$ cat data-v8.cif   # mmCIF, C-alpha atoms
data_final
loop_
_atom_site.label_atom_id
_atom_site.label_comp_id
_atom_site.auth_asym_id
_atom_site.auth_seq_id
_atom_site.Cartn_x
_atom_site.Cartn_y
_atom_site.Cartn_z
CA MET A 1 -4.88 0.84 -3.39
CA ASN A 2 -6.52 3.28 -0.98
CA GLY A 3 -7.86 6.80 -1.38
CA ILE A 4 -10.49 9.11 -2.83
CA LEU A 5 -11.09 9.39 -6.57
CA LEU A 6 -13.08 12.24 -8.10
CA VAL A 7 -15.00 11.02 -11.13
CA ASP A 8 -16.92 13.07 -13.71
CA LYS A 9 -19.86 10.72 -14.27
CA PRO A 10 -21.04 10.46 -17.87
CA GLU A 11 -24.68 10.79 -18.91
CA ASP A 12 -26.79 7.61 -19.13
CA TRP A 13 -24.58 5.78 -16.61
CA THR A 14 -25.86 4.86 -13.16
CA SER A 15 -23.59 5.48 -10.19
CA HIS A 16 -23.49 1.69 -9.80
CA ASP A 17 -22.28 1.38 -13.40
CA VAL A 18 -19.38 3.70 -12.60
CA VAL A 19 -18.41 1.71 -9.50
CA ALA A 20 -18.56 -1.55 -11.44
CA LYS A 21 -16.35 -0.10 -14.20
CA LEU A 22 -13.82 1.19 -11.68
CA ARG A 23 -13.61 -2.19 -9.98
CA GLY A 24 -12.41 -3.58 -13.28
CA ILE A 25 -10.02 -0.70 -14.04
CA LEU A 26 -8.48 -0.48 -10.58
CA LYS A 27 -8.60 -4.22 -9.77
CA GLU A 28 -10.10 -3.38 -6.38
CA ARG A 29 -13.38 -4.74 -5.01
CA ARG A 30 -13.70 -2.28 -2.13
CA ILE A 31 -15.20 0.74 -3.90
CA GLY A 32 -18.09 2.96 -2.83
CA HIS A 33 -19.37 6.50 -3.33
CA SER A 34 -20.92 9.23 -1.18
CA GLY A 35 -24.03 10.15 -3.16
CA THR A 36 -25.98 8.65 -6.05
CA LEU A 37 -26.52 10.55 -9.30
CA ASP A 38 -29.45 9.82 -11.63
CA PRO A 39 -28.52 8.23 -14.98
CA MET A 40 -29.34 11.46 -16.88
CA ALA A 41 -27.08 13.47 -14.56
CA THR A 42 -23.40 14.17 -15.08
CA GLY A 43 -20.71 15.53 -12.83
CA LEU A 44 -18.98 14.88 -9.58
CA LEU A 45 -19.11 11.41 -8.07
CA VAL A 46 -16.84 11.14 -5.03
CA VAL A 47 -15.52 7.57 -5.05
CA PHE A 48 -13.79 5.83 -2.15
CA VAL A 49 -11.30 3.07 -2.88
CA GLY A 50 -9.93 0.33 -0.63
CA ARG A 51 -9.62 1.12 3.05
CA ALA A 52 -10.93 4.61 2.29
CA THR A 53 -14.46 3.16 1.93
CA ARG A 54 -14.60 3.42 5.71
CA ALA A 55 -14.91 7.19 5.25
CA VAL A 56 -18.05 7.14 3.06
CA GLU A 57 -20.36 7.70 6.03
CA PHE A 58 -18.58 10.99 6.82
CA ALA A 59 -19.10 12.37 3.30
CA GLU A 60 -22.72 11.33 2.69
CA SER A 61 -24.11 14.28 4.66
CA ASP A 62 -21.96 16.91 2.88
CA LYS A 63 -23.61 19.81 1.09
CA LYS A 64 -23.98 19.27 -2.66
CA SER A 65 -24.02 21.87 -5.45
CA TYR A 66 -25.73 21.45 -8.81
CA SER A 67 -26.36 23.19 -12.09
CA ALA A 68 -29.84 22.12 -13.17
CA GLY A 69 -31.96 22.81 -16.22
CA LEU A 70 -35.54 23.89 -15.45
CA ARG A 71 -38.06 23.42 -18.28
CA LEU A 72 -41.24 25.35 -17.47
CA GLY A 73 -44.56 24.25 -18.93
CA THR A 74 -43.65 20.56 -19.11
CA VAL A 75 -44.88 18.03 -16.54
CA THR A 76 -43.78 14.36 -16.65
CA ASP A 77 -44.21 11.25 -14.53
CA THR A 78 -40.49 11.23 -13.62
CA MET A 79 -40.32 15.00 -13.04
CA ASP A 80 -37.59 15.20 -15.70
CA THR A 81 -37.49 15.20 -19.49
CA THR A 82 -36.82 11.44 -19.68
CA GLY A 83 -40.34 10.60 -18.54
CA ASN A 84 -43.78 10.33 -20.07
CA ILE A 85 -45.31 13.76 -20.66
CA TYR A 86 -48.48 14.59 -18.74
CA SER A 87 -48.78 18.13 -20.10
CA ASP A 88 -46.70 20.44 -22.25
CA LYS A 89 -47.58 24.12 -22.47
CA ASP A 90 -45.83 26.70 -24.59
CA CYS A 91 -45.23 29.26 -21.88
CA SER A 92 -42.90 32.16 -21.18
CA VAL A 93 -42.15 33.22 -17.59
CA PRO A 94 -40.24 36.47 -16.95
CA ILE A 95 -37.16 35.95 -14.79
CA GLU A 96 -38.55 38.49 -12.30
CA GLU A 97 -41.56 36.24 -11.75
CA LEU A 98 -39.35 33.16 -11.40
CA ASN A 99 -37.05 34.91 -8.93
CA ALA A 100 -40.06 35.89 -6.83
CA ALA A 101 -41.16 32.25 -6.74
CA LEU A 102 -37.69 31.04 -5.74
CA HIS A 103 -37.88 32.92 -2.43
CA GLY A 104 -40.26 30.25 -1.14
CA PHE A 105 -37.79 27.46 -1.87
CA ARG A 106 -34.75 28.79 -0.03
CA GLY A 107 -33.91 27.68 3.49
CA ASN A 108 -35.57 24.76 5.27
CA ILE A 109 -38.34 23.27 3.14
CA GLU A 110 -40.36 20.06 2.91
CA GLN A 111 -40.15 17.81 -0.13
CA ILE A 112 -42.23 14.81 -1.08
CA PRO A 113 -39.84 12.25 -2.65
CA PRO A 114 -40.66 11.43 -6.29
CA MET A 115 -42.12 8.03 -7.13
CA TYR A 116 -39.18 7.48 -9.45
CA SER A 117 -36.63 7.18 -6.63
CA ALA A 118 -34.77 4.37 -4.87
CA ILE A 119 -36.45 5.00 -1.50
CA LYS A 120 -37.94 1.83 -0.04
CA ILE A 121 -41.43 1.76 1.42
CA GLY A 122 -42.68 -1.58 2.69
CA GLY A 123 -39.57 -3.25 1.30
CA LYS A 124 -40.28 -2.05 -2.24
CA LYS A 125 -38.29 0.60 -4.10
CA LEU A 126 -40.55 3.41 -5.23
CA TYR A 127 -39.34 3.33 -8.84
CA GLU A 128 -40.27 -0.36 -9.07
CA LEU A 129 -43.83 0.49 -8.04
CA ALA A 130 -43.89 3.50 -10.39
CA ARG A 131 -42.91 1.33 -13.35
CA ARG A 132 -45.96 -0.84 -12.60
CA GLY A 133 -48.15 2.24 -12.72
CA GLN A 134 -48.60 2.41 -8.95
CA GLU A 135 -48.38 5.53 -6.85
CA ILE A 136 -48.38 5.46 -3.05
CA GLU A 137 -48.41 8.10 -0.37
CA ARG A 138 -44.97 9.42 0.60
CA LYS A 139 -44.20 11.38 3.73
CA PRO A 140 -42.58 14.79 3.20
CA ARG A 141 -38.92 15.14 4.13
CA ASN A 142 -37.10 18.14 5.54
CA VAL A 143 -34.25 19.42 3.36
CA THR A 144 -32.30 22.66 3.21
CA ILE A 145 -31.69 24.80 0.15
CA TYR A 146 -28.70 26.98 1.02
CA GLU A 147 -28.43 28.73 -2.35
CA LEU A 148 -30.85 28.95 -5.28
CA GLU A 149 -30.35 31.28 -8.25
CA ALA A 150 -31.70 31.30 -11.80
CA GLU A 151 -30.56 32.52 -15.18
CA GLY A 152 -32.23 32.25 -18.57
CA SER A 153 -35.48 33.38 -20.16
CA GLY A 154 -38.80 32.17 -21.52
CA ARG A 155 -39.41 28.59 -20.44
CA ASP A 156 -35.81 27.33 -20.13
CA TYR A 157 -33.74 28.33 -17.14
CA THR A 158 -30.59 27.14 -15.41
CA LEU A 159 -30.70 26.86 -11.63
CA GLN A 160 -27.57 27.06 -9.47
CA ILE A 161 -28.33 25.11 -6.30
CA CYS A 162 -26.50 24.32 -3.07
CA CYS A 163 -28.48 21.94 -0.89
CA SER A 164 -28.43 19.39 1.89
CA LYS A 165 -28.28 15.63 1.68
CA GLY A 166 -31.52 14.05 0.49
CA THR A 167 -32.65 16.91 -1.75
CA TYR A 168 -34.33 15.81 -4.97
CA ILE A 169 -33.60 18.36 -7.68
CA ARG A 170 -36.31 16.84 -9.88
CA SER A 171 -38.85 17.47 -7.13
CA LEU A 172 -37.55 21.01 -6.70
CA CYS A 173 -38.04 21.76 -10.41
CA ASN A 174 -41.51 20.20 -10.34
CA ASP A 175 -42.52 22.19 -7.26
CA ILE A 176 -41.20 25.48 -8.67
CA GLY A 177 -43.26 24.88 -11.82
CA GLU A 178 -46.35 24.15 -9.72
CA SER A 179 -45.88 27.36 -7.73
CA LEU A 180 -45.83 29.34 -11.00
CA GLY A 181 -49.03 27.65 -12.19
CA CYS A 182 -47.48 26.36 -15.42
CA GLY A 183 -45.75 23.19 -14.26
CA GLY A 184 -42.12 22.32 -14.76
CA CYS A 185 -39.55 19.56 -14.84
CA MET A 186 -35.80 19.05 -14.76
CA SER A 187 -34.18 19.09 -18.21
CA SER A 188 -30.55 18.50 -17.17
CA LEU A 189 -28.45 18.02 -14.05
CA ARG A 190 -24.76 18.37 -13.29
CA ARG A 191 -23.24 18.04 -9.83
CA THR A 192 -20.49 20.59 -9.43
CA LYS A 193 -19.48 20.20 -5.77
CA ALA A 194 -19.75 17.76 -2.89
CA GLY A 195 -18.37 18.98 0.40
CA ILE A 196 -14.79 20.19 -0.17
CA PHE A 197 -14.54 18.49 -3.57
CA SER A 198 -15.17 20.09 -6.97
CA VAL A 199 -15.92 18.66 -10.41
CA GLU A 200 -13.09 20.83 -11.76
CA ASN A 201 -10.69 18.29 -10.26
CA ALA A 202 -12.63 15.23 -11.44
CA LEU A 203 -11.52 12.80 -14.15
CA CYS A 204 -13.59 11.01 -16.76
CA LEU A 205 -13.46 7.22 -16.91
CA THR A 206 -11.32 7.24 -20.05
CA GLU A 207 -8.67 9.37 -18.34
CA ILE A 208 -8.63 6.98 -15.40
CA LYS A 209 -8.42 3.94 -17.65
CA ASN A 210 -5.56 5.40 -19.72
CA ALA A 211 -3.50 6.66 -16.77
CA GLU A 212 -0.09 5.03 -16.45
CA ASN A 213 -0.11 5.37 -12.66
CA ARG A 214 -3.70 5.09 -11.47
CA GLU A 215 -2.76 5.05 -7.82
CA ALA A 216 -1.33 8.55 -8.27
CA LEU A 217 -4.83 9.75 -9.18
CA LEU A 218 -6.12 9.00 -5.69
CA MET A 219 -6.36 11.68 -3.04
CA PRO A 220 -5.43 10.61 0.50
CA VAL A 221 -8.44 9.79 2.67
CA ASP A 222 -7.37 12.29 5.34
CA SER A 223 -8.08 15.11 2.85
CA LEU A 224 -11.76 14.53 3.69
CA PHE A 225 -11.03 15.66 7.25
CA SER A 226 -8.89 18.68 6.39
CA ASP A 227 -11.08 20.90 8.58
CA ARG A 228 -9.93 18.98 11.69
CA PRO A 229 -6.57 19.75 13.32
CA GLU A 230 -3.86 17.10 13.19
CA CYS A 231 -2.39 15.27 16.15
CA VAL A 232 0.88 13.29 15.98
CA ILE A 233 1.25 10.50 18.54
CA ASN A 234 4.27 8.52 19.75
CA SER A 235 4.86 4.79 19.33
CA ASP A 236 3.30 3.83 22.68
CA MET A 237 0.13 5.75 21.85
CA GLU A 238 0.16 4.23 18.36
CA LYS A 239 0.12 0.69 19.77
CA LYS A 240 -2.97 1.51 21.81
CA CYS A 241 -4.55 3.20 18.81
CA ARG A 242 -3.99 0.16 16.60
CA ASN A 243 -5.56 -2.06 19.27
CA GLY A 244 -8.62 0.17 19.43
CA ASN A 245 -7.85 1.38 22.94
CA SER A 246 -8.12 4.93 24.24
CA PHE A 247 -4.96 6.75 25.29
CA ALA A 248 -3.88 9.94 27.05
CA VAL A 249 -2.90 12.90 24.88
CA ASP A 250 -2.14 16.50 25.78
CA VAL A 251 -4.45 18.41 23.42
CA SER A 252 -7.76 20.25 23.73
CA ASP A 253 -11.13 18.54 23.36
CA GLY A 254 -12.33 17.99 19.80
CA GLU A 255 -11.95 15.81 16.71
CA TYR A 256 -8.48 15.24 15.25
CA ARG A 257 -6.68 13.67 12.32
CA VAL A 258 -4.31 11.35 14.14
CA TYR A 259 -0.93 10.45 12.61
CA SER A 260 1.98 8.23 13.60
CA GLU A 261 5.46 9.70 14.00
CA SER A 262 6.25 8.38 10.51
CA GLY A 263 3.34 10.41 9.06
CA GLU A 264 0.86 7.57 8.51
CA PHE A 265 -2.77 8.59 8.90
CA LEU A 266 -4.13 6.32 11.60
CA MET A 267 -7.59 7.48 12.49
CA LEU A 268 -10.17 10.16 12.96
CA GLY A 269 -10.20 10.50 16.73
CA GLU A 270 -12.10 12.31 19.43
CA VAL A 271 -10.36 13.85 22.44
CA LYS A 272 -12.27 14.50 25.63
CA ASN A 273 -10.66 15.35 28.97
CA LYS A 274 -7.17 14.63 27.56
CA THR A 275 -8.21 11.14 26.44
CA ALA A 276 -8.32 10.13 22.78
CA LYS A 277 -10.56 7.43 21.38
CA VAL A 278 -11.16 6.09 17.89
CA ILE A 279 -14.05 7.41 15.83
CA LYS A 280 -12.88 5.51 12.73
CA SER A 281 -9.51 3.92 11.98
CA PHE A 282 -7.91 3.95 8.54
CA PHE A 283 -4.70 1.96 8.94
CA GLU A 284 -4.42 -1.39 7.20
CA VAL A 285 -4.99 -4.39 9.48
#
$ encode --input "data-v8.cif" --output "structure tokens"
Amino acid sequence: MNGILLVDKPEDWTSHDVVAKLRGILKERRIGHSGTLDPMATGLLVVFVGRATRAVEFAESDKKSYSAGLRLGTVTDTMDTTGNIYSDKDCSVPIEELNAALHGFRGNIEQIPPMYSAIKIGGKKLYELARRGQEIERKPRNVTIYELEAEGSGRDYTLQICCSKGTYIRSLCNDIGESLGCGGCMSSLRRTKAGIFSVENALCLTEIKNAENREALLMPVDSLFSDRPECVINSDMEKKCRNGNSFAVDVSDGEYRVYSESGEFLMLGEVKNKTAKVIKSFFEV
């Protein structure tokens, strides 16, 4: 069983929980995903099954889109509403004031990762230290906020966000609240898009479990590379491809989805000076 499965992750499940459940449902050990979601978050988890796990590295850097709840006036240790409350003010911020503040968070920005995160410093995960009441210095990271819009009123708003890999939405909500002088935290989170994939096409775990033909639910792995042109090679070229060797091909320089004459997706390849080489192969060995 090989391919990409779009899962609508339920609330209170870790991404690891979803993978473990799918291993049992699909009877396949080789399962991975292209971006962790917090337990309180729901939405799109792009899951790679079987040989398709070789493509995870190409999807991890994709843009992600979210719908996030912003609760103004509330500050917690986790930067979301699941944490211990540091302060809770009954405030009301006009949307015009919020929109003015959002200007400073669009584009390339720096974020300090939250203590409640899986980042390792000195071999220790930050959330493990945070649970012991420890807080250590974290270096800011560069992230990009491509889109950031708000709707709502008073102290509860919904943010529509498109951002780069490594963006912490909890940190974004916290920092927006700080910039307004009232504090803030994330009250909900739903991932709606990851690269070319949308949550509208995702399935819940029950739907996957109850499907009569689960393999039919999988998208082909080459769909991840749909923005690259395709290149069909003959049997002699295919032999070299399967052996990991480069081969001559009469196409322009660039990256290609490479197929056999029978239509099998063989590899993502790079062509330079009429010579093709393997970036990553996807045929069974």
$ closest_residue --input "data-v8.cif" --among "A:Val221, A:Cys163, A:Ala55, A:Leu26" --to "Thr144 of chain A" --atoms "all atoms listed in the file"
A:Cys163
$ closest_residue --input "data-v8.cif" --among "A:Ala118, A:Ala68, A:Ala248, A:Cys231" --to "Cys162 of chain A" --atoms "only C-alpha atoms"
A:Ala68
$ resolve_selection --input "data-v8.cif" --expression "the PyMOL selection byres ((chain A and resi 185) around 9)" --output "list in words"
Gly69, Leu70, Arg71, Leu72, Gly73, Thr74, Val75, Thr76, Thr78, Met79, Asp80, Thr81, Arg170, Ser171, Leu172, Cys173, Asn174, Asp175, Ile176, Gly177, Gly183, Gly184, Met186 and Ser187 of chain A
$ resolve_selection --input "data-v8.cif" --expression "the PyMOL selection byres ((chain A and resi 196) around 12)" --output "PyMOL selection string"
chain A and resi 6+44+46+59+62-65+192-195+197-201+223-227
$ closest_residue --input "data-v8.cif" --among "A:Cys241, A:Met40, A:Val285, A:Val7" --to "Leu268 of chain A" --atoms "all atoms listed in the file"
A:Cys241
$ residues_around --input "data-v8.cif" --residues "Asn213 of chain A" --least-positions-apart "4" --cutoff "12 Å" --atoms "all atoms listed in the file" --output "PDB file with C-alpha atoms, in the frame of the given file"
ATOM      1  CA  MET A   1      -4.880   0.840  -3.390  1.00  0.00           C
ATOM      2  CA  ILE A  25     -10.020  -0.700 -14.040  1.00  0.00           C
ATOM      3  CA  LEU A  26      -8.480  -0.480 -10.580  1.00  0.00           C
ATOM      4  CA  GLU A 207      -8.670   9.370 -18.340  1.00  0.00           C
ATOM      5  CA  ILE A 208      -8.630   6.980 -15.400  1.00  0.00           C
ATOM      6  CA  LYS A 209      -8.420   3.940 -17.650  1.00  0.00           C
ATOM      7  CA  LEU A 217      -4.830   9.750  -9.180  1.00  0.00           C
ATOM      8  CA  LEU A 218      -6.120   9.000  -5.690  1.00  0.00           C
TER       9      LEU A 218
END
$ atom_distance --input "data-v8.cif" --atom1 "atom CA of Glu149 of chain A" --atom2 "atom CA of Leu203 of chain A"
27.0 Å
$ residues_near_point --input "data-v8.cif" --point "(-10.6, 9.5, 25.0)" --cutoff "9 Å" --atoms "only C-alpha atoms" --output "PyMOL selection string"
chain A and resi 245-249+269-278
$ axis_aligned_box --input "data-v8.cif" --around "segment 170-173 of chain A" --padding-each-side "4 Å" --output "lines of an AutoDock Vina configuration file"
center_x = -37.6
center_y = 19.3
center_z = -8.6
size_x = 10.5
size_y = 12.9
size_z = 11.7
$ atom_distance --input "data-v8.cif" --atom1 "atom CA of Arg141 of chain A" --atom2 "atom CA of Arg106 of chain A"
14.9 Å
$ atom_distance --input "data-v8.cif" --atom1 "atom CA of Ser262 of chain A" --atom2 "atom CA of Phe283 of chain A"
12.8 Å
$ closest_residue --input "data-v8.cif" --among "A:Asn2, A:Ala52, A:Asn234, A:Ile145" --to "His103 of chain A" --atoms "only C-alpha atoms"
A:Ile145
$ closest_residue --input "data-v8.cif" --among "A:Pro39, A:Gly166, A:Asn99, A:Leu266" --to "Gly244 of chain A" --atoms "all atoms listed in the file"
A:Leu266
$ resolve_selection --input "data-v8.cif" --expression "the PyMOL selection byres ((chain A and resi 98) around 10)" --output "ChimeraX atom specification"
/A:93-97,99-103,149-151,153,157,176-177,179-180
$ closest_residue --input "data-v8.cif" --among "A:Ala130, A:Cys204, A:Ala216, A:Ile85" --to "Lys9 of chain A" --atoms "all atoms listed in the file"
A:Cys204
$ residues_near_point --input "data-v8.cif" --point "(-25.1, 15.6, -12.4)" --cutoff "7 Å" --atoms "all atoms listed in the file" --output "ChimeraX atom specification"
/A:37,41-44,66,189-191
$ residues_around --input "data-v8.cif" --residues "Lys139 of chain A" --least-positions-apart "6" --cutoff "10 Å" --atoms "all atoms listed in the file" --output "PyMOL selection string"
chain A and resi 110-113
$ residues_around --input "data-v8.cif" --residues "Glu135 of chain A" --least-positions-apart "2" --cutoff "10 Å" --atoms "all atoms listed in the file" --output "VMD selection string"
chain A and resid 114 to 116 126 to 127 129 to 133 137 to 138
$ residues_around --input "data-v8.cif" --residues "Glu238 of chain A" --least-positions-apart "5" --cutoff "9 Å" --atoms "all atoms listed in the file" --output "VMD selection string"
chain A and resid 233 243 247 259 to 261 266
$ build_atoms --input "data-v8.cif" --residues "segment 51-70 of chain A" --atoms "N, CA and C atoms" --output "mmCIF file, in the coordinates of the input"
data_model
loop_
_atom_site.group_PDB
_atom_site.id
_atom_site.type_symbol
_atom_site.label_atom_id
_atom_site.label_comp_id
_atom_site.auth_asym_id
_atom_site.auth_seq_id
_atom_site.Cartn_x
_atom_site.Cartn_y
_atom_site.Cartn_z
ATOM 1 N N ARG A 51 -9.359 0.824 1.641
ATOM 2 C CA ARG A 51 -9.620 1.120 3.050
ATOM 3 C C ARG A 51 -10.370 2.443 3.215
ATOM 4 N N ALA A 52 -10.265 3.312 2.227
ATOM 5 C CA ALA A 52 -10.930 4.610 2.290
ATOM 6 C C ALA A 52 -12.454 4.493 2.290
ATOM 7 N N THR A 53 -13.004 3.329 1.904
ATOM 8 C CA THR A 53 -14.460 3.160 1.930
ATOM 9 C C THR A 53 -15.015 3.339 3.340
ATOM 10 N N ARG A 54 -14.153 3.209 4.337
ATOM 11 C CA ARG A 54 -14.600 3.420 5.710
ATOM 12 C C ARG A 54 -14.996 4.871 5.970
ATOM 13 N N ALA A 55 -14.619 5.764 5.064
ATOM 14 C CA ALA A 55 -14.910 7.190 5.250
ATOM 15 C C ALA A 55 -16.198 7.631 4.560
ATOM 16 N N VAL A 56 -16.858 6.746 3.815
ATOM 17 C CA VAL A 56 -18.050 7.140 3.060
ATOM 18 C C VAL A 56 -19.095 7.776 3.964
ATOM 19 N N GLU A 57 -19.304 7.206 5.134
ATOM 20 C CA GLU A 57 -20.360 7.700 6.030
ATOM 21 C C GLU A 57 -20.140 9.155 6.438
ATOM 22 N N PHE A 58 -18.882 9.624 6.413
ATOM 23 C CA PHE A 58 -18.580 10.990 6.820
ATOM 24 C C PHE A 58 -18.821 11.990 5.683
ATOM 25 N N ALA A 59 -18.918 11.487 4.458
ATOM 26 C CA ALA A 59 -19.100 12.370 3.300
ATOM 27 C C ALA A 59 -20.539 12.406 2.816
ATOM 28 N N GLU A 60 -21.346 11.418 3.200
ATOM 29 C CA GLU A 60 -22.720 11.330 2.690
ATOM 30 C C GLU A 60 -23.563 12.550 3.058
ATOM 31 N N SER A 61 -23.285 13.155 4.205
ATOM 32 C CA SER A 61 -24.110 14.280 4.660
ATOM 33 C C SER A 61 -23.582 15.636 4.191
ATOM 34 N N ASP A 62 -22.522 15.645 3.370
ATOM 35 C CA ASP A 62 -21.960 16.910 2.880
ATOM 36 C C ASP A 62 -22.972 17.668 2.023
ATOM 37 N N LYS A 63 -22.838 18.990 2.013
ATOM 38 C CA LYS A 63 -23.610 19.810 1.090
ATOM 39 C C LYS A 63 -23.240 19.441 -0.346
ATOM 40 N N LYS A 64 -24.216 19.529 -1.238
ATOM 41 C CA LYS A 64 -23.980 19.270 -2.660
ATOM 42 C C LYS A 64 -24.405 20.502 -3.460
ATOM 43 N N SER A 65 -23.679 20.763 -4.553
ATOM 44 C CA SER A 65 -24.020 21.870 -5.450
ATOM 45 C C SER A 65 -24.303 21.328 -6.842
ATOM 46 N N TYR A 66 -25.296 21.922 -7.495
ATOM 47 C CA TYR A 66 -25.730 21.450 -8.810
ATOM 48 C C TYR A 66 -26.001 22.623 -9.748
ATOM 49 N N SER A 67 -25.854 22.336 -11.031
ATOM 50 C CA SER A 67 -26.360 23.190 -12.090
ATOM 51 C C SER A 67 -27.458 22.391 -12.780
ATOM 52 N N ALA A 68 -28.696 22.888 -12.684
ATOM 53 C CA ALA A 68 -29.840 22.120 -13.170
ATOM 54 C C ALA A 68 -30.629 22.899 -14.197
ATOM 55 N N GLY A 69 -31.081 22.205 -15.233
ATOM 56 C CA GLY A 69 -31.960 22.810 -16.220
ATOM 57 C C GLY A 69 -33.400 22.723 -15.750
ATOM 58 N N LEU A 70 -34.111 23.833 -15.810
ATOM 59 C CA LEU A 70 -35.540 23.890 -15.450
ATOM 60 C C LEU A 70 -36.338 24.173 -16.723
#
